[in-house]
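The block underneath contains the structure these notes are about, expressed in structure tokens.
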Amino acid sequence: MKKIAFIGLGNMGAPMALNLVKAGNEVAVFDLVSAAMDPVVEAGARGALSAADAVAGAQVVISMLPASQHVESLYLGDDGLLARIADGALVIDCSTIAPQSARKVAQAALARGLEMVDAPVSGGTGGAIAGTLTFIVGGEDAVFERARPILALMGKNIFHAGAAGAGQVAKIANNMMLGIQMAGAAEALALGVANGLDPAVLSDIISKSSGRNWAFELYNPWPGVMESAPAARGYAGGFGVDLMLKDLGLAAEAAMGSRAVVPLGELARNLYALHSAQGNGKLDFSSIVNLIRKG
Ligand code: NAD
């Protein structure tokens, strides 16, 4: 049993924190939106009054926030959490953020004498609920080993990508692939339907043919094809268009910094930007099919 502080209880953070409670840990939670804490508090966590209150006495601090600016402002600065976390505690940031932000916060943690890893996740809200997330970790070997048993309470596959920030680089590359793949799945389905095919039949065919991918197997974007996918509930919940847009922006930044060539990633980023500009930023990213389909 560990004393764990969990900051950021959104679509991903809440079910992750719930799994830590279920595993018998003493969990304190904090989110700027107090209602977001309710399901975890009902399960037995302590609802803290502030992030500083949540981390008081914690042996492990976990954060799951939207983007780089939220993570930097949470941890850094005179009022930042790094100044308040107990000596010897382990800090794990599971948010998807820029690799340079992850390195900056990890270095500041080290300067304060705290060990930290970046541990972004893959697997979506379904994986967070089921405790089967993939964690992609950046940090020193020994710190990775320290984080592993905690991450194992929330996930199934735990990878060590390299030094601080490496988890973020791997995660960004994965999500660029995902964004491209989902737009491609939407395009293939729209093409089939426009030419008279049943989307469920076409999905079944592609799932067992060379075009198969995660979108067809687990996250079909076409409504009515897959009961468990966000498409079945009006694209509510899941992984937001604006979060995908953020990740494709991180990929573009990383590509500019390294002169990597990412034409499909850039095209996908523009498609999600257009979709977001049309008022769909909060919907699940598989709603990109609505930008592409006819009528
Ligand atoms: P979300 O927007 O649902 O949740 C973020 C939560 O953080 C919100 O409840 C917000 O109120 C809270 N928050 C923001 N700033 C805070 C602060 N300073 N203190 C306390 N709480 C604060 O986002 P999400 O879908 O849970 O995603 C979180 C991260 O995980 C993102 O970086 C995202 O890219 C990544 N991610 C999401 C998914 C997914 O399927 N949703 C999958 C993999 C990775």
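Naming scheme: A, B, ... for chains in displayed order of the structure tokens; residues 1 onward per chain; ligands 1 onward as shown.
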
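Residues surrounding range 165-175 of chain A within 8 Å are Thr96, Ile97, Ala98, Pro99, Gln100, Ser101, Ala102, Arg103, Asp118, Ala119, Pro120, Val121, Ser122, Ile136, Val137, Gly138, Gly139, Met244, Asp247, Leu248, Leu250 and Ala251 of chain A [only C-alpha atoms; sequence separation below 6 positions excluded].
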
Using only C-alpha atoms and all ligand atoms, find each residue with an atom at most 7 Å away from ligand 1 and format the answer as an mmCIF file with N, CA and C atoms, in the first residue's frame.
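As a result, out-v2.cif now contains:
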data_model
loop_
_atom_site.group_PDB
_atom_site.id
_atom_site.type_symbol
_atom_site.label_atom_id
_atom_site.label_comp_id
_atom_site.auth_asym_id
_atom_site.auth_seq_id
_atom_site.Cartn_x
_atom_site.Cartn_y
_atom_site.Cartn_z
ATOM 1 N N ILE A 7 -3.206 13.961 -9.699
ATOM 2 C CA ILE A 7 -3.680 15.293 -10.118
ATOM 3 C C ILE A 7 -4.169 15.224 -11.572
ATOM 4 N N GLY A 8 -5.425 15.634 -11.785
ATOM 5 C CA GLY A 8 -5.989 15.643 -13.148
ATOM 6 C C GLY A 8 -6.853 14.419 -13.365
ATOM 7 N N LEU A 9 -8.176 14.586 -13.148
ATOM 8 C CA LEU A 9 -9.081 13.421 -13.178
ATOM 9 C C LEU A 9 -10.062 13.533 -14.331
ATOM 10 N N GLY A 10 -9.523 13.717 -15.529
ATOM 11 C CA GLY A 10 -10.364 13.826 -16.716
ATOM 12 C C GLY A 10 -10.738 12.454 -17.252
ATOM 13 N N ASN A 11 -10.945 12.385 -18.556
ATOM 14 C CA ASN A 11 -11.363 11.125 -19.186
ATOM 15 C C ASN A 11 -10.401 9.980 -18.866
ATOM 16 N N MET A 12 -9.128 10.290 -18.774
ATOM 17 C CA MET A 12 -8.118 9.254 -18.501
ATOM 18 C C MET A 12 -7.774 9.158 -17.021
ATOM 19 N N GLY A 13 -7.531 10.314 -16.394
ATOM 20 C CA GLY A 13 -7.045 10.321 -15.012
ATOM 21 C C GLY A 13 -8.012 9.665 -14.039
ATOM 22 N N PHE A 30 -6.848 15.443 -6.862
ATOM 23 C CA PHE A 30 -7.219 16.846 -7.056
ATOM 24 C C PHE A 30 -7.425 17.137 -8.539
ATOM 25 N N ASP A 31 -8.514 17.865 -8.827
ATOM 26 C CA ASP A 31 -8.767 18.379 -10.178
ATOM 27 C C ASP A 31 -9.349 19.781 -10.013
ATOM 28 N N LEU A 32 -9.038 20.664 -10.968
ATOM 29 C CA LEU A 32 -9.582 22.026 -10.911
ATOM 30 C C LEU A 32 -11.107 21.997 -10.980
ATOM 31 N N VAL A 33 -11.661 20.989 -11.668
ATOM 32 C CA VAL A 33 -13.117 20.816 -11.733
ATOM 33 C C VAL A 33 -13.484 19.813 -10.640
ATOM 34 N N ALA A 36 -15.130 16.433 -11.212
ATOM 35 C CA ALA A 36 -14.328 15.370 -11.846
ATOM 36 C C ALA A 36 -13.781 14.391 -10.807
ATOM 37 N N ALA A 51 -3.815 21.095 -5.208
ATOM 38 C CA ALA A 51 -2.771 20.137 -5.596
ATOM 39 C C ALA A 51 -1.768 19.988 -4.456
ATOM 40 N N MET A 64 -1.973 13.775 -14.711
ATOM 41 C CA MET A 64 -2.557 13.415 -16.011
ATOM 42 C C MET A 64 -3.318 14.632 -16.512
ATOM 43 N N LEU A 65 -2.564 15.571 -17.096
ATOM 44 C CA LEU A 65 -3.112 16.878 -17.473
ATOM 45 C C LEU A 65 -3.136 17.011 -18.993
ATOM 46 N N PRO A 66 -3.864 18.034 -19.500
ATOM 47 C CA PRO A 66 -4.011 18.139 -20.959
ATOM 48 C C PRO A 66 -2.700 18.352 -21.728
ATOM 49 N N ALA A 67 -1.914 19.380 -21.374
ATOM 50 C CA ALA A 67 -0.814 19.771 -22.276
ATOM 51 C C ALA A 67 0.382 20.332 -21.507
ATOM 52 N N HIS A 70 0.068 23.097 -18.829
ATOM 53 C CA HIS A 70 -0.564 22.705 -17.559
ATOM 54 C C HIS A 70 0.460 22.002 -16.672
ATOM 55 N N SER A 73 3.085 24.571 -15.424
ATOM 56 C CA SER A 73 2.598 25.495 -14.384
ATOM 57 C C SER A 73 2.249 24.741 -13.105
ATOM 58 N N LEU A 74 1.921 23.463 -13.203
ATOM 59 C CA LEU A 74 1.645 22.693 -11.977
ATOM 60 C C LEU A 74 2.922 22.497 -11.154
ATOM 61 N N CYS A 94 1.990 11.450 -16.569
ATOM 62 C CA CYS A 94 1.427 10.583 -17.623
ATOM 63 C C CYS A 94 0.819 11.388 -18.767
ATOM 64 N N SER A 95 0.823 12.716 -18.679
ATOM 65 C CA SER A 95 0.264 13.558 -19.739
ATOM 66 C C SER A 95 1.096 13.403 -21.016
ATOM 67 N N THR A 96 0.462 13.693 -22.164
ATOM 68 C CA THR A 96 1.232 13.748 -23.411
ATOM 69 C C THR A 96 1.644 15.200 -23.625
ATOM 70 N N ILE A 97 2.938 15.477 -23.553
ATOM 71 C CA ILE A 97 3.432 16.860 -23.659
ATOM 72 C C ILE A 97 4.694 16.887 -24.526
ATOM 73 N N PRO A 120 3.807 8.838 -20.661
ATOM 74 C CA PRO A 120 2.562 8.984 -21.409
ATOM 75 C C PRO A 120 1.978 7.607 -21.735
ATOM 76 N N VAL A 121 0.687 7.600 -22.025
ATOM 77 C CA VAL A 121 -0.005 6.316 -22.191
ATOM 78 C C VAL A 121 -0.627 6.177 -23.567
ATOM 79 N N SER A 122 -0.885 4.936 -23.913
ATOM 80 C CA SER A 122 -1.664 4.622 -25.103
ATOM 81 C C SER A 122 -2.708 3.593 -24.685
ATOM 82 N N GLY A 123 -3.841 3.599 -25.371
ATOM 83 C CA GLY A 123 -4.869 2.611 -25.030
ATOM 84 C C GLY A 123 -6.238 3.230 -24.824
ATOM 85 N N GLY A 124 -6.293 4.557 -24.774
ATOM 86 C CA GLY A 124 -7.582 5.241 -24.708
ATOM 87 C C GLY A 124 -8.307 5.047 -23.390
ATOM 88 N N THR A 125 -9.531 5.591 -23.335
ATOM 89 C CA THR A 125 -10.307 5.516 -22.093
ATOM 90 C C THR A 125 -10.665 4.065 -21.773
ATOM 91 N N GLY A 238 -13.990 9.633 -24.826
ATOM 92 C CA GLY A 238 -12.900 9.196 -25.695
ATOM 93 C C GLY A 238 -11.735 10.163 -25.722
ATOM 94 N N PHE A 239 -11.113 10.302 -26.886
ATOM 95 C CA PHE A 239 -9.908 11.124 -27.057
ATOM 96 C C PHE A 239 -10.278 12.313 -27.943
ATOM 97 N N GLY A 240 -10.284 13.509 -27.347
ATOM 98 C CA GLY A 240 -10.805 14.684 -28.029
ATOM 99 C C GLY A 240 -10.042 15.104 -29.288
ATOM 100 N N LEU A 243 -7.220 17.278 -28.442
ATOM 101 C CA LEU A 243 -6.036 16.582 -27.915
ATOM 102 C C LEU A 243 -5.245 15.948 -29.062
ATOM 103 N N MET A 244 -5.968 15.405 -30.047
ATOM 104 C CA MET A 244 -5.258 14.857 -31.217
ATOM 105 C C MET A 244 -4.532 15.982 -31.964
ATOM 106 N N ASP A 247 -1.393 16.771 -30.209
ATOM 107 C CA ASP A 247 -0.341 15.770 -30.418
ATOM 108 C C ASP A 247 0.271 15.890 -31.818
#

As a list in words, list the residues of range 35-157 of chain A assigned to strand (DSSP E) by DSSP on the backbone atoms of this structure.
-> Arg46, Gly47, Val60, Val61, Ile62, Ser63, Leu90, Val91, Ile92, Asp93, Glu115, Met116, Val117, Asp118, Val121, Ser122, Leu133, Thr134, Phe135, Ile136, Val137, Gly138, Gly155, Lys156 and Asn157 of chain A

Please identify all polymer residues within 8 Å of Ser207 in chain A, counting only C-alpha atoms, omitting same-chain residues fewer than 4 positions from it, and present them as a PyMOL selection string.
-> chain A and resi 203+211-213+216-217

Per DSSP on the backbone, filter range 50-268 of chain A down to the residues in helix (DSSP H, G or I) and report them as a ChimeraX atom specification.
-> /A:51-55,68-75,81-83,99-111,124-130,141-151,166-194,199-207,214-218,230-233,241-258,263-268

Contact residues around Ile158 in chain A with only C-alpha atoms at 8 Å, ignoring same-chain residues under 2 positions, as a list in words =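 Selected residues are Thr134, Phe135, Ile136, Val137, Arg148, Leu151, Ala152, Gly155, Lys156 and His160 of chain A.
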
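If you look at CA of Asp79 in chain A and CA of Val117 in chain A, they are 21.1 Å away from each other.
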
Nearest residue to Arg84 in chain A from the set A:Leu20, A:Met182, A:Ala54, A:Val225 (distances using only C-alpha atoms) =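 Selected residue with least distance to Arg84 in chain A: A:Ala54.
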
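Residue nearest Met116 in chain A, chosen from A:Glu42, A:Ser63, A:Gly80, A:Leu267 and counting only C-alpha atoms: A:Ser63.
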
In Å to one decimal, how far is CA of Gly279 in chain A from CA of Asp242 in chain A?
->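 Taking CA of Asp242 in chain A and CA of Gly279 in chain A, their separation equals 10.3 Å.
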
Top pick for closest residue to Val143 in chain A, considering A:Ala232, A:Ala164, A:Leu81, A:Leu178 and counting only C-alpha atoms | A:Ala164

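Interatomic distance, CA of Ala23 in chain A to CA of Ile129 in chain A: 13.3 Å.
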
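Distances from A:Gly224, A:Pro15, A:Gly88, A:Gly179 to Val201 in chain A were compared using only C-alpha atoms, and the smallest one belongs to A:Gly224.
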
Counting only C-alpha atoms, the option among A:Tyr235, A:Tyr272, A:Ala58, A:Leu218 closest to Ala86 in chain A =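 Of A:Tyr235, A:Tyr272, A:Ala58, A:Leu218, the one nearest Ala86 in chain A is A:Ala58, counting only C-alpha atoms.
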
Quick one: residues within 10 Å of Glu115 in chain A, only C-alpha atoms counted, chain neighbours fewer than 2 positions away excluded, as a ChimeraX atom specification?
-> /A:87-92,106-113,117,139-140,142-144,146-147

Would you put the residues from that selection into a file with C-alpha atoms, as an mmCIF file, in the first residue's frame?
data_model
loop_
_atom_site.group_PDB
_atom_site.id
_atom_site.type_symbol
_atom_site.label_atom_id
_atom_site.label_comp_id
_atom_site.auth_asym_id
_atom_site.auth_seq_id
_atom_site.Cartn_x
_atom_site.Cartn_y
_atom_site.Cartn_z
ATOM 1 C CA ASP A 87 11.583 14.336 0.006
ATOM 2 C CA GLY A 88 12.174 10.970 -1.621
ATOM 3 C CA ALA A 89 8.817 10.876 -3.415
ATOM 4 C CA LEU A 90 8.601 9.577 -6.977
ATOM 5 C CA VAL A 91 6.967 11.840 -9.589
ATOM 6 C CA ILE A 92 5.266 10.343 -12.653
ATOM 7 C CA ALA A 106 12.425 16.291 -14.870
ATOM 8 C CA GLN A 107 15.582 18.432 -14.545
ATOM 9 C CA ALA A 108 13.853 20.763 -12.095
ATOM 10 C CA ALA A 109 12.706 17.724 -10.101
ATOM 11 C CA LEU A 110 16.258 16.387 -10.032
ATOM 12 C CA ALA A 111 17.571 19.772 -8.864
ATOM 13 C CA ARG A 112 15.073 19.496 -6.002
ATOM 14 C CA GLY A 113 16.326 15.954 -5.260
ATOM 15 C CA VAL A 117 9.735 9.918 -15.225
ATOM 16 C CA GLY A 139 13.856 8.362 -17.438
ATOM 17 C CA GLU A 140 16.870 6.727 -15.819
ATOM 18 C CA ALA A 142 16.611 2.856 -11.776
ATOM 19 C CA VAL A 143 13.745 5.375 -11.760
ATOM 20 C CA PHE A 144 11.957 3.357 -14.445
ATOM 21 C CA ARG A 146 10.887 2.249 -9.313
ATOM 22 C CA ALA A 147 7.876 3.425 -11.345
#

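Minimum atom-to-atom distances from A:Ala268, A:Ala17, A:Leu191, A:Ile288 to Val29 in chain A were compared using only C-alpha atoms, and the lowest value belongs to A:Ala17.
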